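**Student:** Before I ask anything, let me first share the structure, which is written out below as structure tokens.
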Number of protein chains: 2
Amino acid sequence: MSRPTLADVASRAGVSVSTASLAFSGAGPIADSTKQRVLDAAAELDYSGPNPLGRQLRSGRSGIVGVVVGDALKRAFRDPVSVQLLDGLVDTIAPAGLGVLLIPGPTDVNEPAVDPLIESAAMDVAVMIWGGTTEDPTLQALRRRGIPAVVVEGHELDGILTIGIDDRHGVAEVTRHLVELGHRRIATVTLPFGPDRRSAVADAGRIGQIQWKIAERRLAGLTDAGVQPTAVFETPASLVEHGTAAAHALLSGPPENRPTAIVAQSDLLASGVVIGARELGLRVPEDVSVAGFDGLDLPWLTPDVLTTVVQPIAEKGAVVGRAVQQLLAGGQPEDAVLPVALRVGTTTGLAPIP
Amino acid sequence: MSRPTLADVASRAGVSVSTASLAFSGAGPIADSTKQRVLDAAAELDYSGPNPLGRQLRSGRSGIVGVVVGDALKRAFRDPVSVQLLDGLVDTIAPAGLGVLLIPGPTDVNEPAVDPLIESAAMDVAVMIWGGTTEDPTLQALRRRGIPAVVVEGHELDGILTIGIDDRHGVAEVTRHLVELGHRRIATVTLPFGPDRRSAVADAGRIGQIQWKIAERRLAGLTDAGVQPTAVFETPASLVEHGTAAAHALLSGPPENRPTAIVAQSDLLASGVVIGARELGLRVPEDVSVAGFDGLDLPWLTPDVLTTVVQPIAEKGAVVGRAVQQLLAGGQPEDAVLPVALRVGTTTGLAPIP
DNA sequence: GGCGGGGGTCGAATCGATTCGAGGACACGG
DNA sequence: CCGTGTCCTCGAATCGATTCGACCCCCGCC
């Protein structure tokens, strides 16, 4: 026999379907004895509660939050920032009975097809945890379907909620810290500029074409501190190995041309820079200072402590989660910008004496 | 006005609802002209395709695969093995239009409540990527709901599909490799024994109580190679810092008592052991050899290459994905055990001369 | 004893689609 | 001109629950 339905339970308990429904949902008056009878009948039939599909159709709600990770899962989740954000989000919405549906972003730059899930999966809200340019086909598909979207660290777009941090200010602060230490030749290692990821020094033209706001804002932080970077190295992803590659590219020259400090736009990149610098025989921070962004715990750097800008990642996830719930409740949540804080560690020090 | 339905589109196109349905699903004969008329009407009304909830109720399928990560997301996804497995799984099932719903495992040992999603979320199959003991309340809940389950690296249970690797054999191989290098005092650093995670040397009694099969099997691999470990250090999770803590505990004694080789049950643990050994002033592999398990790329160990047992993680995810699809197709997939391979790197060498 | 009210139960409509069998229109062959 | 067959379209049932308004019964009060 196929799985029992509420109707089976009701008939076995000798009540109507509506009454049986009341016994499970608790929405409405029902006598204790009746309720018990229904539950007993359910137990006898091995009925394990109302079928969610029926419930969902009726309520028009699936209880699912689609989370678009801006990349193949493998890459996205190598970034602890994404993971911690997701964790904060899940912790916040789980008590409300909401679940997270993982939606991979486009894998191939040249084929920016949206995942079929975006077109046809049941979801009440969507969250993009990375990117989100103006013409993003993902956002367009969501808009067409009438699914409200929350974008983390993206553009501010009409009708789309944006949650972010004050990263520009944070980078400015860490840069000022370096300037106060006497650094004048400061280079920077950035997050990817857009889906066409590169691992190379970016020239002015390339810098003008940054698509992902997060890299742009963090770059602008340097300027805010009055620093014109001696080099801007663009990485294809926020990963240790790309930081190492950047270090090799930036620090291989003679001491008098070499930057004395490097500001990386993420801690993973920064720790890669530290590793790369050491591979080149340079001491950190005596020969070169390195600063990061995010405030992660990176066990492989122990006992060093990265100088970095600490952002409240889990809290950001929680803010997203609360926004999602407000959206679902018919509310009109507002964009949020969370504060960051400078944390001075052991990877930055006085500029070397020329 | 609320979102248009298929009925709206049908009436605007001047056809019946059933015909309109045909225009979208393509299941059944329909004249091209009629189809076009329906699609035009849909475009005019901003109708973006059939509501998935209606479709799901009718078909009885949600297209959702629930993935139970055995832990808080934050912890689970710090483990690259879980992430790569998930990646392989998603890649495999995405083309079939299936989506992954993330379900956190129990966070607290003392409160092993299952996530509400397990009780009431719509899903066609469930996958547990970690653990799965006999009495697991999660498995019980799934069984009650009649949702088929696939368990990775768990017990072999009745009526539940198990996918794993030949890890016992792999550990035996890497252990033999160490024995051939002359090592006699070999210690091991294990994955957690069960939900009551500890960071300590385990005595015989504790070892007898291992709940999670994966730790047990990998431990048995040592014995298979004829090695009785001088110490078994149990860690609370497969993370670098726990490996480092283990190294401090195991390698602090005088050279004549110290193990000359350490077999860790994961690469993350192994790399922590390497880091910890170096913190203690020991050279790897001259003073102590370290071997891992998994075959990950660990950039922070460069230029060292970990000696390890390589397992096909993404392939394992793909196998799970295919099993899921067979299950959905009404098939009866079989348990699978994937092969592993020893990879000798630079972290193991000849045993030091006493 | 009659009447008002409230707690509890029920029937039926509804959510939005899919699917199956029936039937209509048209063409072609006899 | 009629019968047969093909191709397309339609109506109605169905998936499994929720929810609203109607209704009934019983209690208490006058």
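Chain labels run A, B, ... following the order of the structure tokens; each chain numbers its residues from 1, and ligands are numbered from 1 in the order shown.
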What lies within 6 Å of region 6-19 of chain D using only C-alpha atoms (C1' of nucleotides), ignoring chain neighbours under 6 positions off, as a ChimeraX atom specification?
**Tutor:** /A:54-55 /B:57-58
**Student:** For chain B, list the residues within 8 Å of chain A, counting only C-alpha atoms, and write the list as a PyMOL selection string.
**Tutor:** chain B and resi 46-49+51-54+56-57+60+62+72-74+77-78+80+83-84+86-87+94+97-103+116-117+120-122+144-145+240-241+272+275+299-300
**Student:** Select all residues from chain B having any atom no more than 7 Å from an atom of chain D (counting only C-alpha atoms (C1' of nucleotides), ignoring ligands), output as a PyMOL selection string.
**Tutor:** chain B and resi 16+19+29-31+57-58
**Student:** For the selection just defined, write its residues with N, CA and C atoms to a file, as a tab-separated table (two decimals), in the first residue's frame.
**Tutor:**
chain	number	residue	atom	x	y	z
B	16	SER	N	-7.82	25.42	-23.18
B	16	SER	CA	-8.11	24.85	-21.87
B	16	SER	C	-6.82	24.75	-21.06
B	19	THR	N	-4.50	21.97	-22.16
B	19	THR	CA	-3.69	22.28	-23.34
B	19	THR	C	-2.53	23.20	-22.98
B	29	PRO	N	0.74	15.46	-27.52
B	29	PRO	CA	0.71	16.12	-28.82
B	29	PRO	C	0.08	17.51	-28.71
B	30	ILE	N	0.69	18.46	-29.34
B	30	ILE	CA	0.12	19.80	-29.35
B	30	ILE	C	0.54	20.49	-30.63
B	31	ALA	N	-0.37	21.19	-31.25
B	31	ALA	CA	-0.06	21.88	-32.51
B	31	ALA	C	0.88	23.04	-32.23
B	57	LEU	N	3.20	18.54	-6.06
B	57	LEU	CA	2.12	17.83	-5.39
B	57	LEU	C	1.59	16.73	-6.29
B	58	ARG	N	1.38	17.12	-7.54
B	58	ARG	CA	0.83	16.16	-8.48
B	58	ARG	C	1.77	14.96	-8.68
**Student:** At a cut-off of 9 Å, which residues of chain C touch chain A? Count only C-alpha atoms (C1' of nucleotides) and give the answer as a VMD selection string.
**Tutor:** chain C and resid 7 to 11 14 to 16
**Student:** Running DSSP on the backbone, which parts of region 79-273 of chain A land in strand (DSSP E), as a PyMOL selection string?
**Tutor:** chain A and resi 99-104+125-128+149-152+161-165+186-190+200-201+232-234+261-264
**Student:** Find the distance between CA of Val9 (chain A) and CA of Ala41 (chain A) and write it in Å to one decimal.
**Tutor:** 5.8 Å
**Student:** In terms of the shortest atom-to-atom distance over only C-alpha atoms, which of B:Ala277, B:Ala172, B:Val337, B:Leu296 is closest to Val227 (chain B)?
**Tutor:**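 Once distances to Val227 (chain B) are computed over only C-alpha atoms, the minimum belongs to B:Ala172.
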**Student:** Please identify the helix (DSSP H, G or I) residues within region 48-244 of chain B (assignment by DSSP from backbone atoms) and present them as number ranges by chain.
**Tutor:** B: 52-59, 73-76, 80-96, 116-120, 137-145, 167-180, 204-207, 213-224, 240-244
**Student:** For Asp287 (chain B), please output as a PDB file with C-alpha atoms, in the first residue's frame all residues within 7 Å (counting only C-alpha atoms (C1' of nucleotides); exclusion window: fewer than 5 positions along the same chain).
**Tutor:**
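This went into around-v5.pdb:
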ATOM      1  CA  THR B 260      59.204   7.902  15.217  1.00  0.00           C
ATOM      2  CA  LEU B 282      61.521  18.388  15.405  1.00  0.00           C
ATOM      3  CA  PRO B 352      65.997   7.829  12.880  1.00  0.00           C
TER       4      PRO B 352
END
**Student:** Which polymer residues have any atom within 12 Å of an atom of Ala336 (chain B), counting only C-alpha atoms (C1' of nucleotides), with same-chain residues fewer than 4 positions away left out, as a list in words?
**Tutor:**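 Near neighbours after the sequence-gap exclusion: Val150, Val151, Val152, Glu153, Gly154, Glu156, Leu161, Thr162, Ile163, Gly164, Ile165, Asp166, Glu315, Lys316, Gly317, Ala318, Val319, Val320, Arg322 and Ala323 of chain B.
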**Student:** Once you have the residues from the selection above, write them out as a PDB file, in the first residue's frame, restricted to N, CA and C atoms.
**Tutor:**
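Listed below is the output, part_37.pdb:
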ATOM      1  N   VAL B 150      20.857   7.347   1.954  1.00  0.00           N
ATOM      2  CA  VAL B 150      22.181   6.888   1.545  1.00  0.00           C
ATOM      3  C   VAL B 150      23.155   7.395   2.604  1.00  0.00           C
ATOM      4  N   VAL B 151      23.956   6.501   3.136  1.00  0.00           N
ATOM      5  CA  VAL B 151      24.899   6.898   4.177  1.00  0.00           C
ATOM      6  C   VAL B 151      26.317   6.742   3.643  1.00  0.00           C
ATOM      7  N   VAL B 152      27.123   7.758   3.885  1.00  0.00           N
ATOM      8  CA  VAL B 152      28.508   7.704   3.440  1.00  0.00           C
ATOM      9  C   VAL B 152      29.393   7.357   4.624  1.00  0.00           C
ATOM     10  N   GLU B 153      30.215   6.380   4.456  1.00  0.00           N
ATOM     11  CA  GLU B 153      31.193   6.019   5.472  1.00  0.00           C
ATOM     12  C   GLU B 153      30.573   5.664   6.822  1.00  0.00           C
ATOM     13  N   GLY B 154      29.463   5.000   6.797  1.00  0.00           N
ATOM     14  CA  GLY B 154      28.851   4.664   8.075  1.00  0.00           C
ATOM     15  C   GLY B 154      28.788   3.167   8.301  1.00  0.00           C
ATOM     16  N   GLU B 156      27.038  -0.468   8.049  1.00  0.00           N
ATOM     17  CA  GLU B 156      26.152  -1.072   7.079  1.00  0.00           C
ATOM     18  C   GLU B 156      24.876  -1.464   7.808  1.00  0.00           C
ATOM     19  N   LEU B 161      21.454   2.297   2.179  1.00  0.00           N
ATOM     20  CA  LEU B 161      22.548   2.170   1.239  1.00  0.00           C
ATOM     21  C   LEU B 161      23.814   2.798   1.812  1.00  0.00           C
ATOM     22  N   THR B 162      24.915   2.104   1.692  1.00  0.00           N
ATOM     23  CA  THR B 162      26.175   2.613   2.221  1.00  0.00           C
ATOM     24  C   THR B 162      27.205   2.767   1.107  1.00  0.00           C
ATOM     25  N   ILE B 163      27.821   3.932   1.058  1.00  0.00           N
ATOM     26  CA  ILE B 163      28.892   4.176   0.091  1.00  0.00           C
ATOM     27  C   ILE B 163      30.152   4.497   0.890  1.00  0.00           C
ATOM     28  N   GLY B 164      31.236   3.869   0.567  1.00  0.00           N
ATOM     29  CA  GLY B 164      32.455   4.131   1.326  1.00  0.00           C
ATOM     30  C   GLY B 164      33.697   3.871   0.508  1.00  0.00           C
ATOM     31  N   ILE B 165      34.812   3.884   1.183  1.00  0.00           N
ATOM     32  CA  ILE B 165      36.073   3.595   0.513  1.00  0.00           C
ATOM     33  C   ILE B 165      36.777   2.489   1.278  1.00  0.00           C
ATOM     34  N   ASP B 166      37.819   1.979   0.666  1.00  0.00           N
ATOM     35  CA  ASP B 166      38.542   0.875   1.281  1.00  0.00           C
ATOM     36  C   ASP B 166      39.605   1.445   2.225  1.00  0.00           C
ATOM     37  N   GLU B 315      34.662  11.491  -6.785  1.00  0.00           N
ATOM     38  CA  GLU B 315      34.062  10.295  -7.370  1.00  0.00           C
ATOM     39  C   GLU B 315      33.094   9.649  -6.384  1.00  0.00           C
ATOM     40  N   LYS B 316      33.463   9.693  -5.125  1.00  0.00           N
ATOM     41  CA  LYS B 316      32.563   9.146  -4.112  1.00  0.00           C
ATOM     42  C   LYS B 316      31.247   9.929  -4.116  1.00  0.00           C
ATOM     43  N   GLY B 317      31.362  11.252  -4.230  1.00  0.00           N
ATOM     44  CA  GLY B 317      30.160  12.071  -4.322  1.00  0.00           C
ATOM     45  C   GLY B 317      29.350  11.708  -5.551  1.00  0.00           C
ATOM     46  N   ALA B 318      30.044  11.444  -6.634  1.00  0.00           N
ATOM     47  CA  ALA B 318      29.346  11.089  -7.869  1.00  0.00           C
ATOM     48  C   ALA B 318      28.636   9.750  -7.716  1.00  0.00           C
ATOM     49  N   VAL B 319      29.291   8.825  -7.045  1.00  0.00           N
ATOM     50  CA  VAL B 319      28.658   7.522  -6.825  1.00  0.00           C
ATOM     51  C   VAL B 319      27.398   7.701  -5.981  1.00  0.00           C
ATOM     52  N   VAL B 320      27.497   8.525  -4.971  1.00  0.00           N
ATOM     53  CA  VAL B 320      26.315   8.809  -4.156  1.00  0.00           C
ATOM     54  C   VAL B 320      25.221   9.414  -5.037  1.00  0.00           C
ATOM     55  N   ARG B 322      24.731   9.101  -8.219  1.00  0.00           N
ATOM     56  CA  ARG B 322      24.118   8.111  -9.102  1.00  0.00           C
ATOM     57  C   ARG B 322      23.198   7.181  -8.312  1.00  0.00           C
ATOM     58  N   ALA B 323      23.617   6.838  -7.115  1.00  0.00           N
ATOM     59  CA  ALA B 323      22.769   5.982  -6.280  1.00  0.00           C
ATOM     60  C   ALA B 323      21.443   6.686  -5.994  1.00  0.00           C
TER      61      ALA B 323
END
**Student:** Can you pull out the residues contacting Ala187 (chain B)? Cut-off 12 Å, using only C-alpha atoms (C1' of nucleotides), and skip same-chain residues under 3 positions away; I want them as an NGL selection string.
**Tutor:** :B and (175 or 178 or 183-184 or 190 or 201-202 or 219 or 222-223 or 227-234 or 246-247 or 249-251 or 257-265 or 270 or 273 or 288-291)
**Student:** Would you list the contacts of Val174 (chain A) as an NGL selection string, taking every protein, DNA or RNA residue within 7 Å and counting only C-alpha atoms (C1' of nucleotides), but skipping same-chain residues closer than 4 positions in sequence?
**Tutor:** :A and (170 or 178 or 309 or 342)
**Student:** Could the residues in this selection be written to a file with C-alpha atoms, as a PDB file, in the first residue's frame?
**Tutor:**
ATOM      1  CA  GLY A 170      38.316  48.931   7.017  1.00  0.00           C
ATOM      2  CA  LEU A 178      50.863  50.768   7.570  1.00  0.00           C
ATOM      3  CA  VAL A 309      40.343  43.857   9.405  1.00  0.00           C
ATOM      4  CA  LEU A 342      41.235  46.737  12.725  1.00  0.00           C
TER       5      LEU A 342
END
**Student:** Might you pull out every residue within 12 Å of His155 (chain A), with only C-alpha atoms (C1' of nucleotides) counted and same-chain residues fewer than 3 positions away left off, and present them as a list of chain:residue names?
**Tutor:** A:Met128, A:Trp130, A:Gly131, A:Gly132, A:Thr133, A:Thr134, A:Glu135, A:Asp136, A:Leu139, A:Val150, A:Val151, A:Val152, A:Asp158, A:Gly159, A:Ile160, A:Leu161, A:Thr162, A:Ile163, A:Gly164, A:Ile210, A:Gln211, A:Trp212, A:Lys213, A:Ile214, A:Ala215, A:Glu216, A:Arg217, A:Asp335
